Every structure is written in C-alpha cells, then in structure tokens.
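K.L.:
Next comes start_29.txt, compact mmCIF, C-alpha atoms and all ligand atoms:
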```txt
# COMPACT_ATOMS: atom_id res chain seq x y z
CA MET F 23 167.24 107.11 127.81
CA ARG F 24 165.13 108.28 124.84
CA ARG F 25 164.67 104.67 123.70
CA ILE F 26 163.51 103.62 127.20
CA LEU F 27 160.95 106.43 127.23
CA ILE F 28 159.59 105.42 123.82
CA VAL F 29 159.29 101.76 124.88
CA ALA F 30 157.51 102.79 128.11
CA LEU F 31 155.13 104.97 126.10
CA LEU F 32 154.35 102.11 123.67
CA ILE F 33 153.68 99.70 126.55
CA HIS F 34 151.38 102.28 128.15
CA CYS F 35 149.46 102.87 124.86
CA SER F 36 148.99 99.16 124.22
CA SER F 37 147.71 98.52 127.77
CA VAL F 38 145.24 101.44 127.41
CA MET F 39 144.05 99.95 124.11
CA GLN F 40 143.76 96.50 125.67
CA ALA F 41 141.79 97.93 128.60
CA GLN F 42 139.45 99.65 126.15
CA GLN F 43 138.95 96.43 124.22
CA THR F 44 138.25 94.49 127.42
CA ARG F 45 135.76 97.16 128.44
CA LEU F 46 133.95 96.72 125.13
CA GLN F 47 134.13 92.90 125.05
CA GLN F 48 130.55 91.79 125.60
CA THR F 49 129.55 88.30 126.71
CA ASN F 50 125.76 88.41 126.49
CA PHE F 51 122.93 89.63 124.29
CA LYS F 52 120.96 92.24 126.24
CA PRO F 53 117.72 92.75 124.31
CA ALA F 54 116.35 96.31 124.17
CA GLN F 55 119.46 97.78 125.81
CA VAL F 56 121.99 100.05 124.09
CA TRP F 57 124.29 97.82 121.99
CA LEU F 58 127.77 99.24 121.38
CA ALA F 59 130.04 98.38 118.46
CA ASN F 60 133.83 98.03 118.84
CA ASN F 61 134.26 101.80 118.49
CA GLY F 62 132.01 102.54 121.47
CA HIS F 63 129.15 103.89 119.32
CA PRO F 64 125.66 102.35 119.39
CA ILE F 65 125.09 100.02 116.44
CA ASN F 66 123.31 101.87 113.62
CA ALA F 67 121.88 99.04 111.48
CA HIS F 68 118.09 99.10 111.67
CA GLY F 69 115.66 96.82 109.83
CA GLY F 70 118.66 94.66 109.09
CA GLY F 71 119.75 91.19 108.17
CA VAL F 72 122.82 89.02 108.70
CA LEU F 73 124.96 87.17 106.17
CA PHE F 74 127.42 84.44 107.13
CA HIS F 75 130.44 84.27 104.83
CA ASN F 76 133.91 82.73 105.30
CA ASN F 77 133.50 82.24 109.04
CA LYS F 78 132.25 85.75 109.74
CA TYR F 79 128.83 87.26 110.25
CA TYR F 80 127.97 90.55 108.53
CA TRP F 81 125.09 92.62 109.87
CA TYR F 82 123.65 95.05 107.31
CA GLY F 83 121.02 97.59 108.29
CA GLU F 84 119.56 101.02 107.71
CA HIS F 85 122.05 103.74 108.56
CA LYS F 86 119.97 106.42 110.29
CA ILE F 87 121.25 109.98 110.10
CA GLU F 88 122.04 111.76 113.39
CA GLY F 89 119.58 114.54 114.16
CA LYS F 90 116.91 113.55 111.59
CA SER F 91 113.45 112.18 112.31
CA GLU F 92 111.80 109.74 109.88
CA ALA F 93 109.67 112.64 108.59
CA GLN F 94 112.89 114.58 107.83
CA PHE F 95 114.40 111.66 105.85
CA ALA F 96 116.74 109.83 108.17
CA ASP F 97 117.92 107.17 105.72
CA GLY F 98 121.60 107.48 104.83
CA GLY F 99 122.27 104.09 103.22
CA ILE F 100 123.45 100.66 104.35
CA HIS F 101 125.70 100.32 107.40
CA CYS F 102 127.69 97.11 107.91
CA TYR F 103 129.20 95.48 111.01
CA SER F 104 131.18 92.24 111.21
CA SER F 105 131.52 89.67 113.99
CA THR F 106 132.67 86.15 114.73
CA ASP F 107 130.48 85.66 117.83
CA LEU F 108 127.31 87.66 116.98
CA ILE F 109 127.68 89.71 120.19
CA ASN F 110 130.78 91.84 119.54
CA TRP F 111 130.53 93.80 116.28
CA LYS F 112 133.22 95.68 114.39
CA ASP F 113 132.00 98.79 112.59
CA GLU F 114 132.72 98.33 108.86
CA GLY F 115 131.11 101.68 108.01
CA LEU F 116 128.62 102.82 105.42
CA VAL F 117 128.85 100.30 102.56
CA LEU F 118 126.27 102.06 100.37
CA SER F 119 125.55 105.75 100.81
CA VAL F 120 122.57 107.67 99.47
CA ASP F 121 123.70 110.12 96.77
CA TYR F 122 124.02 113.65 98.15
CA LYS F 123 125.29 115.13 94.85
CA ASN F 124 122.97 113.94 92.09
CA PRO F 125 119.26 114.64 92.71
CA ALA F 126 118.43 112.53 89.62
CA SER F 127 119.96 109.41 91.14
CA ASP F 128 117.57 106.62 92.19
CA ILE F 129 119.21 106.75 95.60
CA ALA F 130 119.37 110.56 95.86
CA TYR F 131 119.24 111.85 99.43
CA GLY F 132 115.56 112.07 100.41
CA CYS F 133 114.76 108.58 99.16
CA ILE F 134 113.50 106.03 101.65
CA LEU F 135 115.96 103.14 101.83
CA GLU F 136 114.77 100.44 104.21
CA ARG F 137 115.26 96.85 105.36
CA PRO F 138 118.48 95.97 103.49
CA LYS F 139 119.29 92.27 103.09
CA VAL F 140 122.44 90.85 101.46
CA VAL F 141 122.74 87.51 99.68
CA PHE F 142 125.85 85.90 98.17
CA ASN F 143 125.49 84.66 94.60
CA GLU F 144 127.81 81.65 94.19
CA LYS F 145 127.55 81.70 90.40
CA ASN F 146 128.74 85.32 89.95
CA LYS F 147 130.69 85.51 93.22
CA GLN F 148 128.77 88.70 93.97
CA PHE F 149 127.26 90.07 97.14
CA VAL F 150 123.83 91.37 96.21
CA ALA F 151 122.06 93.86 98.48
CA TYR F 152 118.29 94.39 98.27
CA PHE F 153 116.33 97.17 99.94
CA LYS F 154 112.97 98.87 99.89
CA LEU F 155 113.43 101.98 97.80
CA TYR F 156 110.94 104.83 97.56
CA LEU F 157 112.33 107.54 95.30
CA ALA F 158 112.93 110.99 96.77
CA GLY F 159 109.66 112.90 96.89
CA ALA F 160 107.54 109.81 96.18
CA GLY F 161 106.40 109.12 99.76
CA TYR F 162 105.36 105.60 100.68
CA VAL F 163 103.03 105.05 97.68
CA THR F 164 105.12 103.30 95.03
CA SER F 165 107.96 101.14 96.15
CA ASN F 166 110.86 99.58 94.29
CA VAL F 167 113.30 96.91 95.21
CA GLY F 168 116.73 98.54 95.03
CA VAL F 169 119.62 96.26 94.06
CA ALA F 170 123.29 97.03 94.75
CA ILE F 171 126.32 94.83 94.15
CA ALA F 172 129.73 94.32 95.73
CA ASP F 173 132.59 91.90 95.33
CA LYS F 174 133.40 91.92 99.05
CA PRO F 175 130.97 91.58 101.98
CA THR F 176 132.21 94.89 103.35
CA GLY F 177 131.51 96.63 100.05
CA PRO F 178 131.57 99.15 98.64
CA PHE F 179 128.16 98.27 97.19
CA ILE F 180 127.41 99.96 93.87
CA PHE F 181 123.78 100.74 93.06
CA HIS F 182 122.89 98.50 90.09
CA HIS F 183 119.17 98.83 89.30
CA LYS F 184 115.66 98.75 90.73
CA PHE F 185 112.55 96.74 89.99
CA HIS F 186 108.97 97.00 91.18
CA GLY F 187 108.42 93.42 92.28
CA ALA F 188 105.08 91.69 92.91
CA ASP F 189 104.00 92.33 89.26
CA SER F 190 102.38 95.54 90.43
CA PRO F 191 103.01 99.06 89.08
CA ASN F 192 102.91 100.14 92.74
CA GLY F 193 105.58 97.61 93.60
CA SER F 194 106.16 95.80 96.85
CA GLY F 195 106.93 96.72 100.45
CA ASP F 196 108.55 94.82 103.32
CA PHE F 197 110.21 91.65 102.08
CA SER F 198 112.39 88.67 102.81
CA MET F 199 114.92 87.16 100.39
CA PHE F 200 115.07 83.43 100.98
CA LYS F 201 117.84 81.34 99.41
CA ASP F 202 116.79 77.71 99.23
CA ASP F 203 119.11 74.67 99.42
CA ASP F 204 119.31 74.47 95.59
CA GLY F 205 120.44 78.12 95.34
CA SER F 206 117.05 79.41 94.14
CA LEU F 207 116.36 82.85 95.54
CA TYR F 208 112.81 83.91 96.42
CA HIS F 209 111.38 87.37 97.07
CA LEU F 210 108.54 87.15 99.59
CA THR F 211 106.78 90.47 99.89
CA ILE F 212 103.69 92.52 100.53
CA ARG F 213 102.13 93.74 97.26
CA LYS F 214 101.04 97.34 96.88
CA PRO F 215 98.43 98.68 97.05
CA ASP F 216 96.22 95.70 97.95
CA LYS F 217 98.64 94.34 100.63
CA ALA F 218 98.33 90.72 99.50
CA PHE F 219 101.38 88.64 100.45
CA VAL F 220 103.14 87.24 97.38
CA ILE F 221 106.22 85.30 96.31
CA GLY F 222 108.38 85.44 93.19
CA LYS F 223 111.57 83.62 92.16
CA LEU F 224 114.62 85.55 90.98
CA ASP F 225 116.79 84.74 87.97
CA SER F 226 120.10 82.94 88.49
CA ASN F 227 121.98 86.28 88.65
CA TYR F 228 119.67 87.29 91.52
CA TYR F 229 118.97 90.55 89.66
CA TYR F 230 115.30 90.39 88.57
CA PRO F 231 112.18 88.28 89.14
CA GLU F 232 112.25 85.57 86.50
CA GLY F 233 108.50 84.97 86.24
CA ALA F 234 105.14 85.83 87.72
CA TYR F 235 104.52 86.26 91.43
CA THR F 236 101.91 84.13 93.15
CA VAL F 237 99.81 84.93 96.18
CA CYS F 238 100.96 82.94 99.24
CA LYS F 239 97.84 81.04 100.24
CA GLY F 240 97.35 81.05 104.00
CA ILE F 241 99.38 84.22 104.72
CA GLU F 242 97.07 87.03 105.78
CA SER F 243 97.04 90.25 103.80
CA HIS F 244 98.80 93.26 105.40
CA THR F 245 101.64 91.02 106.62
CA GLU F 246 104.86 93.02 107.02
CA ALA F 247 108.40 92.44 108.24
CA PRO F 248 108.75 88.86 106.92
CA ALA F 249 111.70 86.69 107.96
CA VAL F 250 111.94 83.16 106.53
CA ILE F 251 114.00 80.10 107.53
CA LYS F 252 113.93 76.42 106.66
CA ARG F 253 114.28 73.80 109.38
CA GLU F 254 114.02 70.06 108.84
CA GLY F 255 112.28 70.58 105.50
CA ILE F 256 109.67 73.00 106.87
CA TYR F 257 109.60 76.71 106.02
CA HIS F 258 108.87 79.06 108.90
CA MET F 259 107.92 82.69 108.41
CA LEU F 260 107.81 85.29 111.14
CA GLY F 261 106.21 88.66 110.45
CA SER F 262 103.92 91.35 111.78
CA GLY F 263 100.75 93.23 111.00
CA SER F 264 100.80 96.64 109.39
CA THR F 265 100.68 99.60 111.81
CA GLY F 266 103.36 102.01 110.56
CA TRP F 267 106.14 102.50 113.11
CA LYS F 268 103.93 101.29 115.96
CA PRO F 269 104.37 97.71 117.21
CA ASN F 270 101.72 95.03 116.86
CA ILE F 271 101.44 91.32 117.59
CA ALA F 272 103.75 88.98 115.62
CA ARG F 273 102.46 86.65 112.91
CA TYR F 274 103.83 83.17 112.31
CA TYR F 275 103.25 80.71 109.46
CA THR F 276 104.72 77.37 108.36
CA ALA F 277 104.67 75.51 105.03
CA LYS F 278 105.99 72.33 103.46
CA SER F 279 106.72 74.19 100.21
CA ILE F 280 107.97 77.76 99.95
CA LEU F 281 105.16 78.38 97.46
CA GLY F 282 102.60 77.36 100.08
CA GLU F 283 100.07 76.63 101.19
CA TRP F 284 100.99 78.21 104.52
CA THR F 285 99.45 77.38 107.91
CA ASN F 286 98.77 80.17 110.37
CA GLN F 287 100.50 79.31 113.67
CA GLY F 288 99.29 82.33 115.65
CA HIS F 289 102.23 84.12 117.25
CA PRO F 290 105.37 82.58 118.76
CA CYS F 291 106.28 85.04 121.53
CA VAL F 292 106.21 84.51 125.30
CA GLY F 293 106.72 86.92 128.21
CA TYR F 294 107.27 90.65 128.32
CA ASN F 295 110.03 93.14 127.75
CA THR F 296 111.35 94.18 131.17
CA VAL F 297 112.86 97.37 129.70
CA ASN F 298 109.56 98.86 128.42
CA SER F 299 107.01 96.51 130.05
CA LEU F 300 105.45 95.67 126.66
CA GLY F 301 104.20 92.13 126.13
CA VAL F 302 103.39 89.88 123.21
CA ASP F 303 100.35 91.91 122.10
CA LYS F 304 102.89 94.60 121.08
CA ASN F 305 105.63 92.11 120.26
CA PHE F 306 107.84 93.48 123.10
CA GLY F 307 107.51 96.94 121.46
CA SER F 308 109.27 95.79 118.30
CA GLN F 309 108.91 94.45 114.75
CA SER F 310 110.74 91.53 113.16
CA SER F 311 113.49 92.03 110.61
CA PHE F 312 115.38 88.75 110.14
CA ILE F 313 116.15 85.31 111.54
CA VAL F 314 119.86 84.46 111.87
CA PRO F 315 120.84 80.80 111.44
CA ILE F 316 123.75 80.14 113.82
CA HIS F 317 126.63 78.53 112.05
CA GLY F 318 127.98 75.37 113.66
CA ILE F 319 125.08 74.77 116.06
CA LYS F 320 122.44 72.69 114.33
CA ASP F 321 118.88 74.03 114.23
CA SER F 322 119.78 77.17 116.18
CA PHE F 323 118.34 80.50 115.18
CA ILE F 324 118.11 84.04 116.54
CA ALA F 325 115.08 86.24 115.89
CA MET F 326 116.01 89.88 115.20
CA PHE F 327 113.55 92.69 115.97
CA ASP F 328 113.71 96.49 115.82
CA ILE F 329 112.34 98.95 118.32
CA TRP F 330 111.49 101.86 116.03
CA GLN F 331 111.93 105.44 117.21
CA PRO F 332 110.53 107.53 114.35
CA GLU F 333 111.16 110.85 116.16
CA ASN F 334 114.85 110.04 116.59
CA PRO F 335 115.45 106.83 114.60
CA ILE F 336 119.20 106.56 115.24
CA THR F 337 118.31 105.77 118.88
CA GLY F 338 116.18 102.74 117.88
CA ARG F 339 117.37 99.64 119.76
CA TYR F 340 117.35 95.95 118.88
CA ILE F 341 115.86 92.83 120.37
CA TRP F 342 117.67 89.60 119.53
CA LEU F 343 116.17 86.49 121.12
CA PRO F 344 116.90 82.78 120.72
CA ILE F 345 114.28 80.64 119.03
CA ASP F 346 113.25 77.41 120.77
CA PHE F 347 111.42 74.77 118.81
CA VAL F 348 108.66 73.14 120.81
CA GLU F 349 107.07 70.27 118.86
CA ASP F 350 108.64 71.76 115.73
CA LYS F 351 107.00 75.17 116.30
CA MET F 352 108.92 78.34 117.02
CA SER F 353 108.76 79.77 120.50
CA ILE F 354 110.47 83.06 121.33
CA THR F 355 110.69 83.83 125.04
CA TRP F 356 111.78 87.19 126.42
CA ARG F 357 115.16 87.11 128.13
CA ASP F 358 116.93 90.05 129.84
CA SER F 359 120.35 88.62 129.05
CA TRP F 360 121.51 85.46 127.30
CA ASN F 361 124.26 83.95 125.18
CA LEU F 362 124.86 81.12 122.72
CA ASN F 363 125.59 78.57 125.48
CA MET F 364 121.84 78.35 125.79
CA PHE F 365 121.68 76.53 122.44
CA LYS F 366 124.49 74.17 123.38
CA LYS F 367 122.59 73.25 126.56
CA THR F 368 119.40 72.64 124.62
CA ILE F 369 121.25 70.33 122.26
CA ARG F 370 122.80 68.36 125.14
CA GLU F 371 119.39 67.98 126.76
CA LYS F 372 117.87 66.54 123.58
C1 LIG F 401 106.68 99.33 108.83
C2 LIG F 401 107.79 98.79 108.01
O1 LIG F 401 108.05 97.50 108.43
C3 LIG F 401 109.00 99.67 108.17
O2 LIG F 401 110.06 99.14 107.42
C4 LIG F 401 108.64 101.04 107.73
O3 LIG F 401 108.40 101.05 106.35
C5 LIG F 401 107.43 101.56 108.49
N1 LIG F 401 106.33 100.63 108.38
C6 LIG F 401 106.97 102.90 107.98
O4 LIG F 401 105.80 103.31 108.60
```
How does the structure come out when it is put into structure tokens?
Ligand code: DGJ
P.N.:
Amino acid sequence: MRRILIVALLIHCSSVMQAQQTRLQQTNFKPAQVWLANNGHPINAHGGGVLFHNNKYYWYGEHKIEGKSEAQFADGGIHCYSSTDLINWKDEGLVLSVDYKNPASDIAYGCILERPKVVFNEKNKQFVAYFKLYLAGAGYVTSNVGVAIADKPTGPFIFHHKFHGADSPNGSGDFSMFKDDDGSLYHLTIRKPDKAFVIGKLDSNYYYPEGAYTVCKGIESHTEAPAVIKREGIYHMLGSGSTGWKPNIARYYTAKSILGEWTNQGHPCVGYNTVNSLGVDKNFGSQSSFIVPIHGIKDSFIAMFDIWQPENPITGRYIWLPIDFVEDKMSITWRDSWNLNMFKKTIREK
C-alpha cells in the first residue's frame, strides 16, 4: 500500500513539473513584452550579448539588483542564461558577481559594470568576458574595459585585469568585440572624452590591445551601443547616438574592411513599437546591444535592443527583431510576435 502511494505521488509530481514546463515553453519572440526564463522569473541580462558554443547559445548581460535604481548602483555583475532555440532560456545564474567584501577590488560593489560580451579564445580554450567598468565612486568620467576569464561558458568568471582602451587616459565607453574569420579580435569603441569612434586589435590571448587604436573614418562621433557582424565580406555596424538612458534614432554603417572607411547607411528600422507606440525616431524606445548570428541558417541575424528603465532597471525589457537584408542593407521591421521560421521562409523564397 505504502509503495503504491509513493508511486502515485511521484507520478503526480512529475505531471505537475511537466505542466509547469509546458506553461513556460515559449514558441515566439514577443519584443518589448516580459520575457520569462525557465524558472518563471523575468530575464535579467541587460546590455547583453550572445555566444554560441557547442550547440548552445549563452546570453550574458548586466545583472540588475532588485530594488535599486541606476543612481543607487544597480549593477550586480554578469548574469548568464543558456538556450538551444534562442526563445526558451535556462537561468545559469550570476557568473561574475561584484565584490561585496573588498572595497579595494576593481569590481567592488558600487562600480558600474555594463554591456558584458563574452568571446571564446580557441588558442587558450578560455571564455573571456569584457565589460565597461567604472570604478566605485568614479562616476561615468573614466572608463576601463574589465576582463574576466572562465574555462566554461557558464563560469564562474574570475576577474583578471582592466585596461583603458582607445589609447586615452579617460578610456573608452560602449563597445563591441568583433572576432574576425582569422581569429583576430577587435575592440570597437567610443573614446573618452572626445567621443570619437575608434578601433583597436587585441593580442592573441585576447587580454590587451596589441597596438594603437585608429579612428574609424565615416563613423560619426558620439556613436554608442555598437554591434558588429560580417556578412558576405561586408562589415555592418548598428549603433545609436548618445543620450544617456533615453532612446534615440539608430545609426548604421557598412565597410569593406573592419578598419574602414565606413559608409553611413542612415538607420535600418521600420515601423513602430505597438507596446509603447514609439517609432524609429526613438528606435522603438530602445538601444542596441548586440547582433546574434543564427547558427545553421545562413545569413540570418537577430538584432538585440534594451529598453532601459533607470528608475527600476531590473524591469527593463528587451526587443529582439529579425534582420532582413534588402539589397545587402540591413532592414529591421517591428514585429509583435515572430519566430525563426521567418528566416527559413525567406531562404526558400530566395
Ligand atoms: C548609454 C549606454 O549605452 C549605457 O550602457 C549606459 O552607459 C547609459 N548610456 C548611461 O547613461
């Protein structure tokens, strides 16, 4: 009798768990709506980027602390999620935490830790995380590039060092790390304080810039939030202007060489956000953070944007939209709901 009861209880528990999983299984991207992870909590990975490794995607972003505004220092470290379909994400937790114990640490609580991006170094078999790092108490004046290292994509990442970047004592701000086909890694960033947009190559360990930075000809000054991809030999860079946490119109450039010269392509967005009624002049109320190349579907990319909420940053939502290429130029149209079948259709039509 006891055995029957235990078996019945196990069957009940597993069907409850299955029902919960089914409830959380999502089929579509729903830009600007609350996006839940597998544990039922909204995804907390702002200003993020995605790495594809061994058949899985890893989304790394700013972990915002519950109850803190940006002015009260909401940055808690790097939060990671994993997925095989880019829609359903498993919470892998905080893979790098700010240091709450040692006020002398470069990542002591109170620092600003933004826009993390992770790259895999084939040579050292290391996962290298980069982030904007303003030391505690320093405000937004002098920025560093923080570097942390892990031997697994899910961390833990150990803080390794920092560098200024951009050959400027005031360092660099928003950035993109672009790994080219030959494994060369580039740091494309806004230089402080003059806000010129510059590029530098990293050494083969991906730890430090290996030489001088050069100004990217053709990219306007004050360009933030850069996200770079390469498609059919052409580099495409999406970005924004510089208006703090407030949204502004997107910027878009292309080049035949990563070092430039770049051509200004205006902005690539079309339509308006039906959740907040904001159009392309405000970039749907968001700012770019990354472009995800979709593995296994040729020439398919997703543009990632953040809706910032500086008063309560943990509630910031995400806008992920598919990129169409029209005459080899990016076009990003607002969609209320979509999924990857859209790319498959586009390919069939071609
Ligand atoms: C815009 C940047 O893109 C963000 O990462 C953040 O630094 C805000 N500015 C701060 O105002």
K.L.:
Which chains and residue numbers are within 7 Å of ligand LIG 401 (chain F), counting only C-alpha atoms and all ligand atoms, if I want them as a ChimeraX atom specification?
P.N.:
/F:69,136-137,196,246-247,264-267
K.L.:
How many Å lie between atom CA of F:Gln55 and atom CA of F:Arg339, rounded to one decimal?
P.N.:
6.7 Å
K.L.:
Using only C-alpha atoms, which residues sit within 9 Å of F:Trp111 once same-chain residues fewer than 4 positions away are excluded, as a list of chain:residue names?
P.N.:
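After dropping sequence-adjacent residues, the list is F:Leu58, F:Ala59, F:Asn60, F:Ile65, F:Tyr80, F:Trp81, F:Tyr103, F:Ser104, F:Ser105, F:Thr106, F:Asp107.
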K.L.:
So how many Å separate atom CA of F:Val220 and atom CA of F:Tyr152, to one decimal?
P.N.:
16.8 Å
K.L.:
Mind pulling up the distance from atom CA of F:Pro315 to atom CA of F:Asp97?
P.N.:
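If I compute the distance from atom CA of F:Asp97 to atom CA of F:Pro315, I get 27.1 Å.
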K.L.:
Env of stretch 296-298 of chain F: 8 Å cut, atoms = all atoms listed in the file, seq-sep filter 4 positions within chain, self excluded. Answer as a tab-separated table (two decimals) with C-alpha atoms, keeping the file's coordinate frame.
P.N.:
```
chain	number	residue	atom	x	y	z
F	54	ALA	CA	116.35	96.31	124.17
F	55	GLN	CA	119.46	97.78	125.81
F	306	PHE	CA	107.84	93.48	123.10
F	307	GLY	CA	107.51	96.94	121.46
F	358	ASP	CA	116.93	90.05	129.84
```
K.L.:
Around (126.6, 86.1, 89.8) in the file's own coordinates, what residues are found within 8 Å if you use all atoms listed in the file, given back as a PDB file with C-alpha atoms, in the coordinates of the input?
P.N.:
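Produced file out36.pdb, reproduced below:
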```
ATOM      1  CA  ASN F 143     125.490  84.660  94.600  1.00  0.00           C
ATOM      2  CA  GLU F 144     127.810  81.650  94.190  1.00  0.00           C
ATOM      3  CA  LYS F 145     127.550  81.700  90.400  1.00  0.00           C
ATOM      4  CA  ASN F 146     128.740  85.320  89.950  1.00  0.00           C
ATOM      5  CA  LYS F 147     130.690  85.510  93.220  1.00  0.00           C
ATOM      6  CA  GLN F 148     128.770  88.700  93.970  1.00  0.00           C
ATOM      7  CA  SER F 226     120.100  82.940  88.490  1.00  0.00           C
ATOM      8  CA  ASN F 227     121.980  86.280  88.650  1.00  0.00           C
ATOM      9  CA  TYR F 228     119.670  87.290  91.520  1.00  0.00           C
TER      10      TYR F 228
END
```
K.L.:
Could you give me the axis-aligned bounding box of stretch 100-117 of chain F, with 8 Å of padding per side, as centre plus edge lengths in Å to one decimal, as JSON?
P.N.:
```
{"center_x": 128.3, "center_y": 94.2, "center_z": 111.4, "size_x": 25.8, "size_y": 33.2, "size_z": 33.6}
```
K.L.:
May I have the residues at most 8 Å from (107.7, 85.7, 87.2) in the file's coordinates, counting all atoms listed in the file, as a VMD selection string?
P.N.:
chain F and resid 189 222 to 224 231 to 235
K.L.:
Find the residue from F:Gly132, F:Glu88, F:Asn61, F:Gly168 that sits nearest to F:Asp113; use all atoms listed in the file when measuring.
P.N.:
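Using all atoms listed in the file, F:Asp113 sits closest to F:Asn61.
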K.L.:
What lies within 8 Å of stretch 360-367 of chain F using only C-alpha atoms, ignoring chain neighbours under 4 positions off, as a short mmCIF file (atom, residue, chain, number, x, y, z; two decimals) with C-alpha atoms, in the frame of the given file?
P.N.:
```
data_model
loop_
_atom_site.label_atom_id
_atom_site.label_comp_id
_atom_site.auth_asym_id
_atom_site.auth_seq_id
_atom_site.Cartn_x
_atom_site.Cartn_y
_atom_site.Cartn_z
CA THR F 49 129.55 88.30 126.71
CA ASN F 50 125.76 88.41 126.49
CA PHE F 51 122.93 89.63 124.29
CA LYS F 52 120.96 92.24 126.24
CA ILE F 319 125.08 74.77 116.06
CA SER F 322 119.78 77.17 116.18
CA GLU F 371 119.39 67.98 126.76
#
```
K.L.:
List every residue of stretch 79-149 of chain F that has an atom at most 10 Å from any atom of stretch 179-187 of chain F, giving for each one its closest atom pair and the distance in Å to one decimal, counting only C-alpha atoms, sorted by chain and then by ascending residue number, as JSON lines.
P.N.:
```
{"residue": "F:Ile100", "atom": "CA", "partner": "F:Phe179", "partner_atom": "CA", "distance": 8.9}
{"residue": "F:Leu116", "atom": "CA", "partner": "F:Phe179", "partner_atom": "CA", "distance": 9.4}
{"residue": "F:Val117", "atom": "CA", "partner": "F:Phe179", "partner_atom": "CA", "distance": 5.8}
{"residue": "F:Leu118", "atom": "CA", "partner": "F:Phe179", "partner_atom": "CA", "distance": 5.3}
{"residue": "F:Ser119", "atom": "CA", "partner": "F:Phe179", "partner_atom": "CA", "distance": 8.7}
{"residue": "F:Val120", "atom": "CA", "partner": "F:Phe181", "partner_atom": "CA", "distance": 9.5}
{"residue": "F:Ser127", "atom": "CA", "partner": "F:Phe181", "partner_atom": "CA", "distance": 9.7}
{"residue": "F:Asp128", "atom": "CA", "partner": "F:Lys184", "partner_atom": "CA", "distance": 8.2}
{"residue": "F:Ile129", "atom": "CA", "partner": "F:Phe181", "partner_atom": "CA", "distance": 8.0}
{"residue": "F:Phe149", "atom": "CA", "partner": "F:Phe179", "partner_atom": "CA", "distance": 8.2}
```
K.L.:
Determine the nearest neighbour of F:Leu343 from the options F:Ile241, F:Ile324, F:Leu300, F:Ile329, counting all atoms listed in the file.
P.N.:
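For F:Leu343, the nearest of the given residues is F:Ile324.
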K.L.:
So that I can check the surroundings of F:Met326, please list as a count of residues only every protein, DNA and RNA residue that reaches within 6 Å of it, counting only C-alpha atoms and ignoring chain neighbours fewer than 3 positions away.
P.N.:
6
K.L.:
Using all atoms listed in the file, which residue out of F:Pro191, F:Pro269, F:Pro332, F:Gly293 lies closest to F:Ser308?
P.N.:
F:Pro269
K.L.:
Give me stretch 116-129 of chain F from this structure - N, CA, C and O atoms, as a PDB file, in the first residue's frame.
P.N.:
```
ATOM      1  N   LEU F 116      24.349  34.011 -11.695  1.00  0.00           N
ATOM      2  CA  LEU F 116      25.323  35.096 -11.751  1.00  0.00           C
ATOM      3  C   LEU F 116      26.692  34.457 -11.988  1.00  0.00           C
ATOM      4  O   LEU F 116      27.175  33.704 -11.140  1.00  0.00           O
ATOM      5  N   VAL F 117      27.320  34.727 -13.128  1.00  0.00           N
ATOM      6  CA  VAL F 117      28.595  34.058 -13.425  1.00  0.00           C
ATOM      7  C   VAL F 117      29.795  34.919 -13.039  1.00  0.00           C
ATOM      8  O   VAL F 117      30.929  34.444 -13.016  1.00  0.00           O
ATOM      9  N   LEU F 118      29.539  36.188 -12.776  1.00  0.00           N
ATOM     10  CA  LEU F 118      30.560  37.069 -12.168  1.00  0.00           C
ATOM     11  C   LEU F 118      29.798  38.029 -11.277  1.00  0.00           C
ATOM     12  O   LEU F 118      28.886  38.711 -11.738  1.00  0.00           O
ATOM     13  N   SER F 119      30.162  38.051 -10.001  1.00  0.00           N
ATOM     14  CA  SER F 119      29.473  38.960  -9.079  1.00  0.00           C
ATOM     15  C   SER F 119      30.390  40.130  -8.761  1.00  0.00           C
ATOM     16  O   SER F 119      31.613  39.963  -8.716  1.00  0.00           O
ATOM     17  N   VAL F 120      29.805  41.312  -8.534  1.00  0.00           N
ATOM     18  CA  VAL F 120      30.611  42.400  -7.981  1.00  0.00           C
ATOM     19  C   VAL F 120      31.045  41.948  -6.590  1.00  0.00           C
ATOM     20  O   VAL F 120      30.444  41.048  -5.998  1.00  0.00           O
ATOM     21  N   ASP F 121      32.115  42.572  -6.064  1.00  0.00           N
ATOM     22  CA  ASP F 121      32.703  42.139  -4.797  1.00  0.00           C
ATOM     23  C   ASP F 121      32.091  42.961  -3.648  1.00  0.00           C
ATOM     24  O   ASP F 121      32.297  44.168  -3.566  1.00  0.00           O
ATOM     25  N   TYR F 122      31.324  42.279  -2.809  1.00  0.00           N
ATOM     26  CA  TYR F 122      30.649  42.981  -1.709  1.00  0.00           C
ATOM     27  C   TYR F 122      31.545  43.085  -0.476  1.00  0.00           C
ATOM     28  O   TYR F 122      31.216  43.770   0.475  1.00  0.00           O
ATOM     29  N   LYS F 123      32.701  42.334  -0.499  1.00  0.00           N
ATOM     30  CA  LYS F 123      33.511  42.266   0.735  1.00  0.00           C
ATOM     31  C   LYS F 123      34.706  43.196   0.701  1.00  0.00           C
ATOM     32  O   LYS F 123      35.095  43.747   1.724  1.00  0.00           O
ATOM     33  N   ASN F 124      35.326  43.340  -0.474  1.00  0.00           N
ATOM     34  CA  ASN F 124      36.599  44.071  -0.538  1.00  0.00           C
ATOM     35  C   ASN F 124      36.428  45.396  -1.281  1.00  0.00           C
ATOM     36  O   ASN F 124      36.410  45.429  -2.510  1.00  0.00           O
ATOM     37  N   PRO F 125      36.334  46.513  -0.544  1.00  0.00           N
ATOM     38  CA  PRO F 125      36.107  47.804  -1.209  1.00  0.00           C
ATOM     39  C   PRO F 125      37.269  48.219  -2.110  1.00  0.00           C
ATOM     40  O   PRO F 125      37.115  49.094  -2.963  1.00  0.00           O
ATOM     41  N   ALA F 126      38.439  47.555  -1.959  1.00  0.00           N
ATOM     42  CA  ALA F 126      39.595  47.906  -2.794  1.00  0.00           C
ATOM     43  C   ALA F 126      39.585  47.153  -4.126  1.00  0.00           C
ATOM     44  O   ALA F 126      40.404  47.430  -5.011  1.00  0.00           O
ATOM     45  N   SER F 127      38.652  46.208  -4.259  1.00  0.00           N
ATOM     46  CA  SER F 127      38.602  45.431  -5.506  1.00  0.00           C
ATOM     47  C   SER F 127      38.181  46.330  -6.677  1.00  0.00           C
ATOM     48  O   SER F 127      37.383  47.257  -6.497  1.00  0.00           O
ATOM     49  N   ASP F 128      38.693  46.032  -7.877  1.00  0.00           N
ATOM     50  CA  ASP F 128      38.275  46.786  -9.067  1.00  0.00           C
ATOM     51  C   ASP F 128      36.788  46.612  -9.335  1.00  0.00           C
ATOM     52  O   ASP F 128      36.173  47.448  -9.999  1.00  0.00           O
ATOM     53  N   ILE F 129      36.240  45.495  -8.887  1.00  0.00           N
ATOM     54  CA  ILE F 129      34.800  45.278  -9.116  1.00  0.00           C
ATOM     55  C   ILE F 129      34.030  45.320  -7.786  1.00  0.00           C
ATOM     56  O   ILE F 129      33.042  44.622  -7.601  1.00  0.00           O
TER      57      ILE F 129
END
```
